[in-house]
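Raw contents of data.cif, mmCIF, C-alpha atoms:
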data_input
loop_
_atom_site.label_atom_id
_atom_site.label_comp_id
_atom_site.auth_asym_id
_atom_site.auth_seq_id
_atom_site.Cartn_x
_atom_site.Cartn_y
_atom_site.Cartn_z
CA MET A 31 0.00 0.00 0.00
CA SER A 32 1.35 3.45 -0.95
CA LYS A 33 1.87 6.22 1.60
CA GLN A 34 -0.88 8.23 -0.14
CA GLN A 35 -3.33 5.34 0.22
CA GLU A 36 -2.36 4.87 3.87
CA LYS A 37 -3.02 8.56 4.53
CA LEU A 38 -6.41 8.39 2.82
CA ASP A 39 -7.36 5.29 4.81
CA GLN A 40 -6.31 6.96 8.06
CA ALA A 41 -8.23 10.13 7.13
CA ALA A 42 -11.33 8.10 6.26
CA ARG A 43 -11.08 6.27 9.60
CA ALA A 44 -10.82 9.61 11.45
CA ALA A 45 -13.77 11.00 9.46
CA TRP A 46 -15.96 8.00 10.32
CA MET A 47 -15.16 8.41 14.00
CA TYR A 48 -15.75 12.18 13.96
CA TYR A 49 -18.83 12.56 11.72
CA VAL A 50 -20.58 9.23 12.23
CA ALA A 51 -19.58 8.01 15.67
CA ASN A 52 -19.47 11.56 17.13
CA ASN A 53 -16.06 10.97 18.72
CA THR A 54 -14.13 14.03 19.83
CA GLN A 55 -10.71 14.77 18.38
CA HIS A 56 -9.20 13.72 21.71
CA GLU A 57 -10.95 10.35 21.47
CA ILE A 58 -9.84 9.90 17.86
CA ALA A 59 -6.26 10.70 18.83
CA ASP A 60 -6.32 8.17 21.69
CA HIS A 61 -7.89 5.45 19.54
CA LEU A 62 -5.50 5.91 16.60
CA GLY A 63 -2.46 6.56 18.76
CA ILE A 64 -1.73 9.98 17.32
CA SER A 65 -1.64 13.56 18.60
CA ARG A 66 -4.79 15.69 18.80
CA GLN A 67 -3.29 18.03 16.19
CA MET A 68 -2.76 15.10 13.81
CA ALA A 69 -6.35 13.94 14.39
CA GLN A 70 -7.57 17.43 13.54
CA ARG A 71 -5.47 17.49 10.36
CA LEU A 72 -6.73 14.05 9.30
CA VAL A 73 -10.36 15.12 9.64
CA ALA A 74 -9.63 18.28 7.62
CA TYR A 75 -7.78 16.22 5.00
CA ALA A 76 -10.77 13.88 4.66
CA VAL A 77 -12.99 16.86 3.86
CA GLU A 78 -10.41 18.33 1.46
CA GLN A 79 -10.15 15.04 -0.46
CA GLY A 80 -13.93 14.71 -0.80
CA LEU A 81 -14.21 11.71 1.51
CA VAL A 82 -16.92 13.47 3.54
CA ARG A 83 -20.25 14.43 2.00
CA VAL A 84 -22.84 16.37 3.93
CA SER A 85 -26.56 15.58 3.62
CA VAL A 86 -29.14 17.74 5.39
CA GLN A 87 -32.35 15.71 5.63
CA HIS A 88 -34.69 18.47 6.80
CA GLU A 89 -35.59 20.86 3.99
CA ILE A 90 -36.40 24.48 4.92
CA THR A 91 -40.13 25.24 4.67
CA ASP A 92 -39.61 28.56 2.83
CA CYS A 93 -37.37 26.84 0.28
CA LEU A 94 -39.94 24.10 -0.29
CA ALA A 95 -42.69 26.70 -0.81
CA LEU A 96 -40.53 28.66 -3.25
CA ALA A 97 -39.75 25.51 -5.20
CA GLU A 98 -43.45 24.74 -5.59
CA GLN A 99 -44.17 28.30 -6.73
CA MET A 100 -41.34 28.12 -9.28
CA LYS A 101 -42.68 24.84 -10.64
CA ALA A 102 -46.17 26.28 -11.02
CA ARG A 103 -45.06 29.61 -12.52
CA PHE A 104 -42.51 28.31 -15.02
CA GLY A 105 -43.82 24.85 -15.82
CA LEU A 106 -40.93 23.05 -14.14
CA SER A 107 -41.27 19.37 -13.29
CA LEU A 108 -38.37 19.58 -10.82
CA CYS A 109 -37.10 22.42 -8.64
CA ARG A 110 -34.74 22.55 -5.65
CA VAL A 111 -34.17 25.79 -3.75
CA VAL A 112 -31.22 26.13 -1.34
CA PRO A 113 -30.86 28.86 1.32
CA ALA A 114 -29.69 32.28 0.19
CA GLY A 115 -25.93 32.72 0.15
CA GLY A 116 -25.08 35.94 -1.67
CA GLU A 117 -22.21 35.51 -4.14
CA SER A 118 -20.02 33.39 -1.87
CA GLU A 119 -18.25 30.11 -2.54
CA GLY A 120 -20.60 28.78 0.11
CA LEU A 121 -23.57 29.37 -2.18
CA ARG A 122 -21.87 27.51 -5.02
CA ARG A 123 -21.18 24.62 -2.64
CA MET A 124 -24.84 24.50 -1.56
CA LEU A 125 -25.96 24.49 -5.20
CA ALA A 126 -23.38 21.80 -5.93
CA VAL A 127 -24.54 19.51 -3.12
CA ALA A 128 -28.21 19.86 -4.10
CA GLY A 129 -27.33 19.52 -7.78
CA ALA A 130 -25.32 16.36 -7.22
CA GLU A 131 -28.31 14.78 -5.47
CA VAL A 132 -30.51 15.57 -8.48
CA MET A 133 -27.94 14.33 -10.99
CA THR A 134 -27.39 11.11 -9.06
CA GLN A 135 -31.09 10.26 -9.40
CA PHE A 136 -30.54 9.96 -13.15
CA LEU A 137 -27.04 8.46 -13.14
CA GLN A 138 -28.13 5.63 -10.83
CA SER A 139 -30.26 4.21 -13.65
CA GLU A 140 -29.40 0.59 -14.43
CA ALA A 141 -30.75 1.04 -17.94
CA PRO A 142 -28.31 2.69 -20.38
CA ILE A 143 -28.90 6.42 -20.78
CA VAL A 144 -27.36 9.27 -22.79
CA VAL A 145 -26.49 12.32 -20.68
CA ASN A 146 -25.88 15.76 -22.21
CA LEU A 147 -23.61 18.13 -20.27
CA GLY A 148 -22.93 21.83 -20.68
CA SER A 149 -20.05 23.56 -18.95
CA GLY A 150 -19.24 26.26 -16.42
CA ARG A 151 -18.15 26.81 -12.84
CA THR A 152 -21.37 25.79 -11.09
CA LEU A 153 -21.78 22.64 -13.16
CA LYS A 154 -18.14 21.75 -12.47
CA ALA A 155 -18.82 22.16 -8.74
CA VAL A 156 -21.81 19.81 -9.06
CA ILE A 157 -19.66 17.17 -10.74
CA ASP A 158 -17.02 17.55 -8.02
CA GLU A 159 -19.69 16.65 -5.45
CA LEU A 160 -20.77 13.50 -7.29
CA ALA A 161 -19.86 10.21 -5.66
CA GLU A 162 -18.28 7.62 -7.93
CA ILE A 163 -20.82 5.19 -9.35
CA ASP A 164 -20.01 2.43 -11.84
CA ARG A 165 -22.22 2.91 -14.89
CA PRO A 166 -20.22 1.84 -17.99
CA GLN A 167 -23.50 1.43 -19.89
CA HIS A 168 -24.13 5.21 -19.93
CA ARG A 169 -22.88 7.65 -22.57
CA ILE A 170 -21.79 11.15 -21.59
CA VAL A 171 -21.94 13.85 -24.26
CA SER A 172 -20.26 17.27 -24.10
CA MET A 173 -22.48 19.92 -25.71
CA VAL A 174 -19.72 22.52 -25.87
CA GLY A 175 -16.43 22.61 -27.71
CA ALA A 176 -13.58 21.01 -25.81
CA ILE A 177 -11.04 23.44 -27.28
CA ALA A 178 -10.43 26.92 -25.91
CA THR A 179 -9.55 29.89 -28.14
CA ASP A 180 -5.79 29.40 -27.69
CA GLY A 181 -5.99 25.67 -28.49
CA ALA A 182 -5.88 24.56 -24.85
CA SER A 183 -8.44 22.22 -23.34
CA ASN A 184 -11.60 23.93 -22.07
CA ARG A 185 -11.12 23.63 -18.29
CA TYR A 186 -14.86 23.91 -17.67
CA ASP A 187 -15.76 21.04 -19.99
CA VAL A 188 -17.08 18.69 -17.30
CA ALA A 189 -18.15 15.74 -19.43
CA LEU A 190 -14.80 13.94 -19.22
CA ARG A 191 -14.73 14.26 -15.41
CA THR A 192 -18.27 12.86 -15.23
CA ALA A 193 -17.32 9.94 -17.46
CA GLU A 194 -14.35 9.21 -15.20
CA LYS A 195 -16.57 9.17 -12.10
CA THR A 196 -19.13 6.85 -13.71
CA GLY A 197 -16.92 4.71 -15.94
CA SER A 198 -19.14 5.81 -18.84
CA LYS A 199 -18.16 6.37 -22.44
CA TYR A 200 -17.30 10.01 -23.19
CA PHE A 201 -18.16 11.85 -26.41
CA MET A 202 -16.19 15.05 -27.01
CA LEU A 203 -17.36 17.84 -29.31
CA PRO A 204 -14.35 18.40 -31.60
CA ALA A 205 -14.53 22.18 -31.95
CA PRO A 206 -13.72 25.43 -30.14
CA LEU A 207 -16.61 26.97 -28.20
CA ILE A 208 -16.54 30.02 -30.47
CA ALA A 209 -15.03 29.82 -33.97
CA ASP A 210 -13.04 32.61 -35.60
CA SER A 211 -15.80 33.34 -38.12
CA ALA A 212 -19.22 32.15 -39.24
CA GLU A 213 -17.62 30.28 -42.13
CA ASP A 214 -15.11 28.69 -39.80
CA CYS A 215 -18.02 27.65 -37.54
CA ARG A 216 -19.78 25.97 -40.47
CA GLN A 217 -16.63 24.02 -41.27
CA TRP A 218 -16.22 22.81 -37.69
CA CYS A 219 -19.89 21.80 -37.53
CA SER A 220 -19.73 19.89 -40.83
CA HIS A 221 -16.99 17.57 -39.57
CA ARG A 222 -18.08 13.91 -39.52
CA VAL A 223 -17.27 13.42 -35.81
CA TYR A 224 -19.17 16.61 -34.93
CA ARG A 225 -22.24 15.28 -36.74
CA VAL A 226 -21.99 11.91 -34.93
CA VAL A 227 -21.85 13.61 -31.52
CA SER A 228 -24.65 16.00 -32.50
CA GLU A 229 -26.92 13.11 -33.49
CA LEU A 230 -26.25 11.32 -30.21
CA SER A 231 -26.92 14.52 -28.23
CA ALA A 232 -30.26 15.01 -29.97
CA HIS A 233 -31.46 11.73 -28.45
CA ALA A 234 -30.17 12.31 -24.92
CA ASP A 235 -32.33 11.14 -22.03
CA VAL A 236 -31.41 14.10 -19.83
CA THR A 237 -29.45 17.37 -20.17
CA PHE A 238 -27.61 19.18 -17.36
CA ILE A 239 -26.45 22.76 -17.92
CA GLY A 240 -25.24 25.91 -16.25
CA ILE A 241 -26.50 29.38 -17.12
CA GLY A 242 -24.02 32.15 -17.82
CA SER A 243 -24.22 35.92 -17.40
CA VAL A 244 -23.28 38.25 -20.25
CA GLY A 245 -21.64 41.52 -19.21
CA PRO A 246 -18.32 43.05 -18.18
CA GLY A 247 -16.08 40.43 -16.61
CA CYS A 248 -18.45 37.55 -17.37
CA PRO A 249 -16.98 34.02 -17.78
CA LEU A 250 -16.97 34.24 -21.60
CA GLU A 251 -14.69 37.28 -21.30
CA GLU A 252 -12.71 36.13 -18.26
CA ASP A 253 -11.86 32.79 -19.87
CA GLY A 254 -10.83 34.41 -23.15
CA PHE A 255 -13.61 33.15 -25.41
CA LEU A 256 -14.76 36.67 -26.31
CA SER A 257 -13.13 40.08 -26.02
CA LYS A 258 -14.39 42.94 -23.86
CA GLU A 259 -15.60 44.68 -27.03
CA GLU A 260 -17.48 41.59 -28.24
CA ILE A 261 -19.20 41.22 -24.86
CA GLY A 262 -20.17 44.89 -25.07
CA GLN A 263 -21.61 44.28 -28.53
CA LEU A 264 -23.75 41.38 -27.26
CA VAL A 265 -25.05 43.53 -24.39
CA SER A 266 -25.92 46.36 -26.79
CA GLU A 267 -27.79 43.86 -28.96
CA GLY A 268 -29.91 42.83 -25.97
CA ALA A 269 -28.16 39.77 -24.54
CA ALA A 270 -29.38 38.85 -21.05
CA GLY A 271 -27.37 35.66 -20.64
CA GLU A 272 -26.04 32.60 -22.38
CA ILE A 273 -26.87 28.91 -22.35
CA ILE A 274 -23.96 26.68 -23.43
CA GLY A 275 -22.56 29.65 -25.34
CA HIS A 276 -25.79 30.60 -27.12
CA ALA A 277 -26.83 34.15 -26.17
CA VAL A 278 -30.49 34.83 -25.36
CA ASN A 279 -32.34 38.13 -24.91
CA HIS A 280 -34.41 39.15 -21.90
CA GLU A 281 -37.43 37.25 -23.20
CA GLY A 282 -35.35 34.12 -23.59
CA HIS A 283 -35.27 34.18 -27.36
CA PRO A 284 -32.04 33.27 -29.18
CA LEU A 285 -30.05 36.40 -30.06
CA SER A 286 -29.24 36.95 -33.71
CA SER A 287 -25.77 38.43 -34.03
CA PRO A 288 -22.55 38.01 -36.05
CA ILE A 289 -21.01 36.78 -32.79
CA THR A 290 -23.66 34.11 -32.12
CA ASP A 291 -23.14 32.86 -35.68
CA ARG A 292 -19.70 31.71 -34.53
CA VAL A 293 -20.90 29.51 -31.63
CA THR A 294 -20.37 25.79 -32.28
CA SER A 295 -22.28 24.45 -29.25
CA LEU A 296 -25.01 21.91 -29.84
CA GLN A 297 -28.67 22.87 -29.63
CA LEU A 298 -30.68 22.29 -26.47
CA PRO A 299 -33.53 19.78 -26.77
CA THR A 300 -37.02 21.12 -26.20
CA ALA A 301 -37.66 21.21 -22.44
CA ALA A 302 -41.07 19.59 -22.88
CA ASP A 303 -39.46 16.70 -24.77
CA ARG A 304 -36.80 15.40 -22.35
CA PRO A 305 -35.48 16.79 -19.04
CA VAL A 306 -33.27 19.89 -19.27
CA ILE A 307 -32.02 20.74 -15.78
CA ALA A 308 -30.02 23.86 -14.91
CA PHE A 309 -27.87 24.71 -11.90
CA ALA A 310 -27.59 28.48 -11.33
CA GLY A 311 -27.80 31.00 -8.50
CA GLY A 312 -26.48 34.28 -7.15
CA ALA A 313 -27.28 37.89 -8.03
CA SER A 314 -24.94 37.90 -11.03
CA LYS A 315 -27.09 35.19 -12.65
CA HIS A 316 -30.51 36.80 -12.09
CA SER A 317 -30.85 38.34 -15.55
CA ALA A 318 -29.64 35.20 -17.33
CA LEU A 319 -31.78 32.89 -15.20
CA ASN A 320 -34.89 34.99 -15.78
CA ALA A 321 -34.29 34.83 -19.52
CA ALA A 322 -33.90 31.04 -19.47
CA LEU A 323 -37.13 30.71 -17.45
CA ARG A 324 -39.08 33.08 -19.69
CA GLY A 325 -37.87 31.25 -22.78
CA ARG A 326 -39.09 27.96 -21.28
CA TRP A 327 -35.70 26.35 -21.93
CA LEU A 328 -35.81 24.41 -18.66
CA SER A 329 -37.83 21.58 -17.17
CA GLY A 330 -35.77 21.48 -13.98
CA LEU A 331 -33.79 23.95 -11.85
CA VAL A 332 -31.55 24.03 -8.79
CA THR A 333 -31.22 27.60 -7.50
CA ASP A 334 -31.17 29.70 -4.32
CA GLU A 335 -33.83 31.58 -2.33
CA GLU A 336 -32.91 35.08 -3.56
CA SER A 337 -32.85 34.00 -7.20
CA ALA A 338 -36.20 32.26 -6.88
CA ARG A 339 -37.82 35.24 -5.14
CA GLN A 340 -36.64 37.76 -7.70
CA ALA A 341 -37.72 35.51 -10.61
CA LEU A 342 -41.21 35.18 -9.14
CA ALA A 343 -41.45 38.90 -8.35
CA LEU A 344 -40.27 39.94 -11.79
CA THR A 345 -42.86 37.81 -13.56
CA GLY A 346 -45.63 38.59 -11.07
#
As structure tokens, the full file:
Amino acid sequence: MSKQQEKLDQAARAAWMYYVANNTQHEIADHLGISRQMAQRLVAYAVEQGLVRVSVQHEITDCLALAEQMKARFGLSLCRVVPAGGESEGLRRMLAVAGAEVMTQFLQSEAPIVVNLGSGRTLKAVIDELAEIDRPQHRIVSMVGAIATDGASNRYDVALRTAEKTGSKYFMLPAPLIADSAEDCRQWCSHRVYRVVSELSAHADVTFIGIGSVGPGCPLEEDGFLSKEEIGQLVSEGAAGEIIGHAVNHEGHPLSSPITDRVTSLQLPTAADRPVIAFAGGASKHSALNAALRGRWLSGLVTDEESARQALALTG
């Protein structure tokens, strides 16, 4: 056994004693024959390595009520609302934990399924929270280009990580998220492998996506997919947000623009056809989330209290 494996085993043992058996750090130290400081570090290491997953069984009444209102107002078949958390990493973690629970319901299927995945920070956090589950019969499809503008791998393409956690087959979209020109986009999208992946995606059993803001400093600009000037152009043309790279206006309709003509991402299935579930929250996502809800792109949503309240108030 390697030293790394020994450390993980020791950390897991400490985590079981602390979180399940309710032992104190002093008791853990005595039982394992280590110092209290080492026991404390082992418990922290277990959390850091993802060995500990928190599940809160009692759902907050206000959150349950908001979820039901969101389902009724926007025709959602599934909605989870987590407590408000501002713009903190804590909010993203809450969304990730709730999102992983929702995603697991589908991934646990014994029957083979095709799973579409978008990209983005929140969706990546959801995947990080997923427990490993052996499902080699599933097929995982990336709906966004796996190549960044500079030729590097898109670090927020989460499909490969999901395939690794499930042992599923992974289908990569062989294109950059945004091509250099509309003609270049047509060439990427006419590639044989692109068409094969597109056809598989069109028959997916479920789709999981994030929702992106469009504005100064948004992820599309921060990650180098579009310039500051191009983001400004999209805003001036009425962009409220983006869904897997496709810009939508405030009513949720696809935005027609020379920039959107360069997006290679696959098309979302109709929400009424098969489940399309989004994970999004925080004030910076309000405009984009409202647009996605108005456009009826979603059949499921995991969001936070503040986002749900403002969506309901804005459409009331």
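Counting from atom CA of A:Ala193, the distance to atom CA of A:Thr290 is 29.0 Å.
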For this session: Apply the PyMOL selection byres ((chain A and resi 238-246) around 7) to the displayed file and report the matching residues as a ChimeraX atom specification.
Result: /A:146-150,152-153,236-237,247-248,258,261-262,265,269-273,306-310,314-315,318-319
For this session: Please indicate the distance in Å from atom CA of A:Asp214 to atom CA of A:Asp180, rounded to one decimal place.
Result: 15.3 Å
Problem set entry | Nearby residues (all atoms listed in the file) at most 8 Å from A:Leu125, same-chain spacing under 2 positions excluded, as a PyMOL selection string | chain A and resi 112+121-123+127-129+152+156+309-311+332-334
Write out the residues from the selection above, keeping C-alpha atoms, as an mmCIF file, keeping the file's coordinate frame.
data_model
loop_
_atom_site.group_PDB
_atom_site.id
_atom_site.type_symbol
_atom_site.label_atom_id
_atom_site.label_comp_id
_atom_site.auth_asym_id
_atom_site.auth_seq_id
_atom_site.Cartn_x
_atom_site.Cartn_y
_atom_site.Cartn_z
ATOM 1 C CA VAL A 112 -31.220 26.130 -1.340
ATOM 2 C CA LEU A 121 -23.570 29.370 -2.180
ATOM 3 C CA ARG A 122 -21.870 27.510 -5.020
ATOM 4 C CA ARG A 123 -21.180 24.620 -2.640
ATOM 5 C CA VAL A 127 -24.540 19.510 -3.120
ATOM 6 C CA ALA A 128 -28.210 19.860 -4.100
ATOM 7 C CA GLY A 129 -27.330 19.520 -7.780
ATOM 8 C CA THR A 152 -21.370 25.790 -11.090
ATOM 9 C CA VAL A 156 -21.810 19.810 -9.060
ATOM 10 C CA PHE A 309 -27.870 24.710 -11.900
ATOM 11 C CA ALA A 310 -27.590 28.480 -11.330
ATOM 12 C CA GLY A 311 -27.800 31.000 -8.500
ATOM 13 C CA VAL A 332 -31.550 24.030 -8.790
ATOM 14 C CA THR A 333 -31.220 27.600 -7.500
ATOM 15 C CA ASP A 334 -31.170 29.700 -4.320
#
Exercise. Which is closest to A:Pro142 among A:Gln99, A:Ser198, A:Ser107, A:Gln263, if we use all atoms listed in the file?
Worked result: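 For A:Pro142, the nearest of the given residues is A:Ser198.
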Dig up all the protein and nucleic acid residues within 8 Å of (-8.8, 31.6, -29.8) in the file frame, using all atoms listed in the file, and format them as a compact mmCIF listing (two decimals) with C-alpha atoms, in the coordinates of the input.
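That gives us result_9.txt:
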# COMPACT_ATOMS: atom_id res chain seq x y z
CA ALA A 178 -10.43 26.92 -25.91
CA THR A 179 -9.55 29.89 -28.14
CA ASP A 180 -5.79 29.40 -27.69
CA GLY A 181 -5.99 25.67 -28.49
CA PRO A 206 -13.72 25.43 -30.14
CA ILE A 208 -16.54 30.02 -30.47
CA ALA A 209 -15.03 29.82 -33.97
CA ASP A 210 -13.04 32.61 -35.60
CA GLY A 254 -10.83 34.41 -23.15
CA PHE A 255 -13.61 33.15 -25.41
Exercise. Which residues fall under the PyMOL selection byres ((chain A and resi 327) around 12) in this file, as a PyMOL selection string?
Worked result: chain A and resi 104-106+237-241+272-274+276+278+281-284+297-308+318-326+328-331
For this session: Could you check which of A:Ala234, A:Val223, A:Thr196, A:Glu335 is closest to A:Thr91, using only C-alpha atoms?
Result: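 Ranking A:Ala234, A:Val223, A:Thr196, A:Glu335 by distance to A:Thr91, first place goes to A:Glu335.
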Exercise. Which distance in Å separates atom CA of A:Thr134 and atom CA of A:Ala41, to one decimal?
Worked result: 25.1 Å
Exercise. Expanded to explicit residues, what is the PyMOL selection byres ((chain A and resi 93-95) around 12) for this file, as a PyMOL selection string?
Worked result: chain A and resi 88-92+96-102+108-114+332-339+342
Residue subset to file, keeping C-alpha atoms, as a PDB file, keeping the file's coordinate frame:
ATOM      1  CA  HIS A  88     -34.690  18.470   6.800  1.00  0.00           C
ATOM      2  CA  GLU A  89     -35.590  20.860   3.990  1.00  0.00           C
ATOM      3  CA  ILE A  90     -36.400  24.480   4.920  1.00  0.00           C
ATOM      4  CA  THR A  91     -40.130  25.240   4.670  1.00  0.00           C
ATOM      5  CA  ASP A  92     -39.610  28.560   2.830  1.00  0.00           C
ATOM      6  CA  LEU A  96     -40.530  28.660  -3.250  1.00  0.00           C
ATOM      7  CA  ALA A  97     -39.750  25.510  -5.200  1.00  0.00           C
ATOM      8  CA  GLU A  98     -43.450  24.740  -5.590  1.00  0.00           C
ATOM      9  CA  GLN A  99     -44.170  28.300  -6.730  1.00  0.00           C
ATOM     10  CA  MET A 100     -41.340  28.120  -9.280  1.00  0.00           C
ATOM     11  CA  LYS A 101     -42.680  24.840 -10.640  1.00  0.00           C
ATOM     12  CA  ALA A 102     -46.170  26.280 -11.020  1.00  0.00           C
ATOM     13  CA  LEU A 108     -38.370  19.580 -10.820  1.00  0.00           C
ATOM     14  CA  CYS A 109     -37.100  22.420  -8.640  1.00  0.00           C
ATOM     15  CA  ARG A 110     -34.740  22.550  -5.650  1.00  0.00           C
ATOM     16  CA  VAL A 111     -34.170  25.790  -3.750  1.00  0.00           C
ATOM     17  CA  VAL A 112     -31.220  26.130  -1.340  1.00  0.00           C
ATOM     18  CA  PRO A 113     -30.860  28.860   1.320  1.00  0.00           C
ATOM     19  CA  ALA A 114     -29.690  32.280   0.190  1.00  0.00           C
ATOM     20  CA  VAL A 332     -31.550  24.030  -8.790  1.00  0.00           C
ATOM     21  CA  THR A 333     -31.220  27.600  -7.500  1.00  0.00           C
ATOM     22  CA  ASP A 334     -31.170  29.700  -4.320  1.00  0.00           C
ATOM     23  CA  GLU A 335     -33.830  31.580  -2.330  1.00  0.00           C
ATOM     24  CA  GLU A 336     -32.910  35.080  -3.560  1.00  0.00           C
ATOM     25  CA  SER A 337     -32.850  34.000  -7.200  1.00  0.00           C
ATOM     26  CA  ALA A 338     -36.200  32.260  -6.880  1.00  0.00           C
ATOM     27  CA  ARG A 339     -37.820  35.240  -5.140  1.00  0.00           C
ATOM     28  CA  LEU A 342     -41.210  35.180  -9.140  1.00  0.00           C
TER      29      LEU A 342
END
Mind dumping a table of every stretch 166-185 of chain A residue within 12 Å of stretch 216-221 of chain A, with the nearest atom pair and its distance in Å to one decimal, using only C-alpha atoms, sorted by chain and rising number, as a Markdown table?
| residue | atom | partner | partner_atom | distance |
| --- | --- | --- | --- | --- |
| A:Val174 | CA | A:Cys219 | CA | 11.7 |
| A:Gly175 | CA | A:Trp218 | CA | 10.0 |
| A:Ile177 | CA | A:Trp218 | CA | 11.6 |
For this session: Could you tell me which of A:Ser231, A:Ser183, A:Ser65, A:Ser287 comes closest to A:Phe201 if we count all atoms listed in the file?
Result: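 Ranking A:Ser231, A:Ser183, A:Ser65, A:Ser287 by distance to A:Phe201, first place goes to A:Ser231.
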May I ask you to restore all heavy atoms in stretch 241-247 of chain A and write the result as an mmCIF file, in the coordinates of the input?
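As written to disk, part_16.cif reads:
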data_model
loop_
_atom_site.group_PDB
_atom_site.id
_atom_site.type_symbol
_atom_site.label_atom_id
_atom_site.label_comp_id
_atom_site.auth_asym_id
_atom_site.auth_seq_id
_atom_site.Cartn_x
_atom_site.Cartn_y
_atom_site.Cartn_z
ATOM 1 N N ILE A 241 -25.982 28.193 -16.428
ATOM 2 C CA ILE A 241 -26.500 29.380 -17.120
ATOM 3 C C ILE A 241 -25.516 30.504 -16.876
ATOM 4 O O ILE A 241 -25.150 30.776 -15.731
ATOM 5 C CB ILE A 241 -27.904 29.758 -16.608
ATOM 6 C CG1 ILE A 241 -28.895 28.648 -16.947
ATOM 7 C CG2 ILE A 241 -28.372 31.082 -17.220
ATOM 8 C CD1 ILE A 241 -30.274 28.855 -16.367
ATOM 9 N N GLY A 242 -25.070 31.151 -17.951
ATOM 10 C CA GLY A 242 -24.020 32.150 -17.820
ATOM 11 C C GLY A 242 -24.523 33.577 -17.991
ATOM 12 O O GLY A 242 -25.442 33.849 -18.770
ATOM 13 N N SER A 243 -23.926 34.494 -17.235
ATOM 14 C CA SER A 243 -24.220 35.920 -17.400
ATOM 15 C C SER A 243 -23.479 36.451 -18.613
ATOM 16 O O SER A 243 -22.480 35.862 -19.059
ATOM 17 C CB SER A 243 -23.809 36.690 -16.149
ATOM 18 O OG SER A 243 -22.417 36.509 -15.894
ATOM 19 N N VAL A 244 -23.963 37.552 -19.163
ATOM 20 C CA VAL A 244 -23.280 38.250 -20.250
ATOM 21 C C VAL A 244 -23.139 39.711 -19.846
ATOM 22 O O VAL A 244 -24.140 40.415 -19.677
ATOM 23 C CB VAL A 244 -24.040 38.141 -21.585
ATOM 24 C CG1 VAL A 244 -23.365 38.990 -22.659
ATOM 25 C CG2 VAL A 244 -24.117 36.690 -22.043
ATOM 26 N N GLY A 245 -21.917 40.153 -19.647
ATOM 27 C CA GLY A 245 -21.640 41.520 -19.210
ATOM 28 C C GLY A 245 -20.173 41.652 -18.886
ATOM 29 O O GLY A 245 -19.409 40.686 -19.010
ATOM 30 N N PRO A 246 -19.731 42.835 -18.496
ATOM 31 C CA PRO A 246 -18.320 43.050 -18.180
ATOM 32 C C PRO A 246 -17.790 42.042 -17.169
ATOM 33 O O PRO A 246 -18.393 41.825 -16.122
ATOM 34 C CB PRO A 246 -18.310 44.470 -17.601
ATOM 35 C CG PRO A 246 -19.511 45.136 -18.206
ATOM 36 C CD PRO A 246 -20.536 44.057 -18.316
ATOM 37 N N GLY A 247 -16.702 41.382 -17.511
ATOM 38 C CA GLY A 247 -16.080 40.430 -16.610
ATOM 39 C C GLY A 247 -16.768 39.092 -16.512
ATOM 40 O O GLY A 247 -16.436 38.279 -15.639
#
